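The next block holds one structure in the form of structure tokens; read it before the comments.
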Amino acid sequence: MRNSEPMRVVILGNAGSGKTTLARRLIGDRDVALLPLDDIAWNPGPERKPPAESVAAVSQFIDAHEEWIIEGCYGDLVQAALPRCTELLFLNPGVEACIAQCQARPWEPGKFDAPAAQQAMLDVLLPWVREYTARSDEFGLDRHRAIFDAFEGTKREYTAAADYAP
């Protein structure tokens, strides 16, 4: 990260790759806003919000903050942030590392009412994470790779969690 410009980082990767953990580590005790894309991609239900609504939320977030980190696996939302970011980080440690991270994740009371609710979501999430290399949608490796490869700014790809995880 260059010190001469504001921190405006996008972190892209599969579920369980460590995006939120890395974002929090990069922020440390600095006053940097964090936007997990999960927070703006879904209505209760869960039902995916219309893409235009989520893209507008990305723009509003960026406009409201001098420094920020946006993290997620949503190709369309990541692309909406890229023109204004200073660095793109692609976390690509492999599917098995992502599965292990998902399984080791402690209960997240901000997201789930009870550990059982988180476990129920995990039962749905793990098969989805396993499909990362086969998916052809905005959440798959092919789309993430294309986004990363096309980005002309400062970027880094991490293929081992040990390179970015505590």
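Just remember, in the structure tokens the first chain shown is A, the second B, etc., residues are 1-based per chain, and ligands are 1-based in the order shown.
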
- Can you list every residue in chain A that DSSP puts in strand (DSSP E or B), as JSON, numbers by chain? {"A": [8, 9, 10, 11, 12, 13, 33, 34, 35, 36, 42, 43, 47, 48, 68, 69, 70, 71, 72, 87, 88, 89, 90, 91, 155, 156, 157, 158]}

- Message: Excluding Gln103 of chain A and its own-chain neighbours fewer than 4 positions away, which residues fall within 9 Å of it when counting only C-alpha atoms? Please give them as a PyMOL selection string.
- Response: chain A and resi 16+98-99+122+126

For the residues selected in the previous step, produce a file with N, CA and C atoms as a tab-separated table (two decimals), in the first residue's frame.
chain	number	residue	atom	x	y	z
A	16	GLY	N	-14.89	-17.71	2.57
A	16	GLY	CA	-13.94	-18.43	3.41
A	16	GLY	C	-12.49	-18.17	3.08
A	98	CYS	N	-10.39	-22.57	1.81
A	98	CYS	CA	-11.63	-21.82	2.07
A	98	CYS	C	-12.60	-22.66	2.89
A	99	ILE	N	-12.71	-23.94	2.58
A	99	ILE	CA	-13.58	-24.84	3.35
A	99	ILE	C	-13.11	-24.88	4.80
A	122	LEU	N	-23.88	-22.80	7.27
A	122	LEU	CA	-22.65	-23.47	6.87
A	122	LEU	C	-22.95	-24.72	6.05
A	126	LEU	N	-20.95	-24.62	2.44
A	126	LEU	CA	-19.81	-25.46	2.06
A	126	LEU	C	-19.92	-26.06	0.67

- Could you tell me which of A:Val55, A:Ala160, A:Ala116, A:Cys73 comes closest to Ala15 of chain A if we count only C-alpha atoms?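 Of A:Val55, A:Ala160, A:Ala116, A:Cys73, the one nearest Ala15 of chain A is A:Cys73, counting only C-alpha atoms.
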
- Of the listed residues A:Glu71, A:Glu47, A:Glu138, A:Asp39, that which approaches Arg8 of chain A most closely, counting only C-alpha atoms: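 Closest residue, counting only C-alpha atoms: A:Glu71.
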
- Task: Write out as a list of chain:residue names the residues lying within 8 Å of Gln101 of chain A, counting only C-alpha atoms and excluding same-chain residues fewer than 3 positions away.
- Result: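 Residues meeting the cut-off are A:Gly16, A:Ser17, A:Gly18, A:Ala97, A:Cys98, A:Ala104, A:Arg105.
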
Write the residues of the selection above to a file with N, CA and C atoms, as a PDB file, in the first residue's frame.
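Result file follows (again_22.pdb):
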ATOM      1  N   GLY A  16     -14.894 -17.711   2.568  1.00  0.00           N
ATOM      2  CA  GLY A  16     -13.941 -18.430   3.408  1.00  0.00           C
ATOM      3  C   GLY A  16     -12.488 -18.166   3.081  1.00  0.00           C
ATOM      4  N   SER A  17     -12.218 -17.311   2.111  1.00  0.00           N
ATOM      5  CA  SER A  17     -10.818 -17.065   1.725  1.00  0.00           C
ATOM      6  C   SER A  17     -10.088 -16.158   2.714  1.00  0.00           C
ATOM      7  N   GLY A  18     -10.829 -15.453   3.564  1.00  0.00           N
ATOM      8  CA  GLY A  18     -10.198 -14.590   4.556  1.00  0.00           C
ATOM      9  C   GLY A  18     -10.326 -13.112   4.267  1.00  0.00           C
ATOM     10  N   ALA A  97      -8.656 -24.685   1.407  1.00  0.00           N
ATOM     11  CA  ALA A  97      -8.330 -23.691   2.430  1.00  0.00           C
ATOM     12  C   ALA A  97      -9.574 -22.883   2.795  1.00  0.00           C
ATOM     13  N   CYS A  98     -10.394 -22.566   1.808  1.00  0.00           N
ATOM     14  CA  CYS A  98     -11.628 -21.823   2.072  1.00  0.00           C
ATOM     15  C   CYS A  98     -12.602 -22.660   2.892  1.00  0.00           C
ATOM     16  N   ALA A 104     -13.794 -23.366  10.535  1.00  0.00           N
ATOM     17  CA  ALA A 104     -13.138 -22.866  11.744  1.00  0.00           C
ATOM     18  C   ALA A 104     -13.706 -21.533  12.220  1.00  0.00           C
ATOM     19  N   ARG A 105     -14.557 -20.929  11.438  1.00  0.00           N
ATOM     20  CA  ARG A 105     -15.095 -19.602  11.761  1.00  0.00           C
ATOM     21  C   ARG A 105     -15.889 -19.671  13.066  1.00  0.00           C
TER      22      ARG A 105
END

- Query: To one decimal place, how far is atom CA of Lys155 of chain A from atom CA of Phe90 of chain A in Å?
  - Reply: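 Going from atom CA of Lys155 of chain A over to atom CA of Phe90 of chain A covers 7.8 Å.
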
- Fewer than 4 positions away in the same chain doesn't count, so skip those; otherwise give me all residues within 12 Å of segment 62-69 of chain A, counting only C-alpha atoms, as number ranges by chain. A: 5-12, 19-28, 30-37, 55-58, 78, 80-89

- Query: With only C-alpha atoms as the atoms that count, which of A:Ala165, A:Met121, A:Ile147, A:Leu141 lies nearest to Asn92 of chain A?
  - Reply: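 Checking each candidate against Asn92 of chain A, we get A:Leu141 as the closest.
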
- Task: Tell me which protein, DNA and RNA residues are within 9 Å of Glu96 of chain A, counting only C-alpha atoms, leaving out same-chain ones fewer than 4 positions away, and put them as a VMD selection string.
- Result: chain A and resid 100 to 101 129 to 130

Write out the residues from the selection above, keeping N, CA and C atoms, as a short mmCIF file (atom, residue, chain, number, x, y, z; two decimals), in the first residue's frame.
data_model
loop_
_atom_site.label_atom_id
_atom_site.label_comp_id
_atom_site.auth_asym_id
_atom_site.auth_seq_id
_atom_site.Cartn_x
_atom_site.Cartn_y
_atom_site.Cartn_z
N ALA A 100 -11.81 -25.04 5.00
CA ALA A 100 -11.27 -25.11 6.36
C ALA A 100 -11.55 -23.81 7.12
N GLN A 101 -11.39 -22.67 6.44
CA GLN A 101 -11.68 -21.39 7.09
C GLN A 101 -13.15 -21.27 7.48
N VAL A 129 -19.12 -23.23 -1.72
CA VAL A 129 -17.69 -22.91 -1.74
C VAL A 129 -16.94 -23.93 -2.59
N ARG A 130 -17.31 -25.19 -2.48
CA ARG A 130 -16.64 -26.26 -3.25
C ARG A 130 -16.81 -26.08 -4.75
#

- Task: Check segment 76-149 of chain A with DSSP on the backbone and list each residue it calls helix (DSSP H, G or I), as an NGL selection string.
- Result: :A and (76-84 or 95-104 or 115-130 or 141-149)

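The closest residue to Cys102 of chain A, picked from A:Asp137, A:Asp76, A:Glu131, A:Asp123 and counting only C-alpha atoms, is A:Asp123.
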
- Query: Expressed in Å to a single decimal, how great is the separation between atom CA of Phe112 of chain A and atom CA of Phe139 of chain A?
  - Reply: 22.4 Å

- Nearest to Gly13 of chain A, restricted to only C-alpha atoms and choosing among A:Phe61, A:Trp128, A:Trp42, A:Tyr74, comes out as A:Tyr74

- Task: Point out the residue among A:Pro51, A:Gly45, A:Gly75, A:Gly94 with the least atom-to-atom distance to Ala161 of chain A, counting only C-alpha atoms.
- Result: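 Nearest candidate to Ala161 of chain A out of A:Pro51, A:Gly45, A:Gly75, A:Gly94: A:Gly94.
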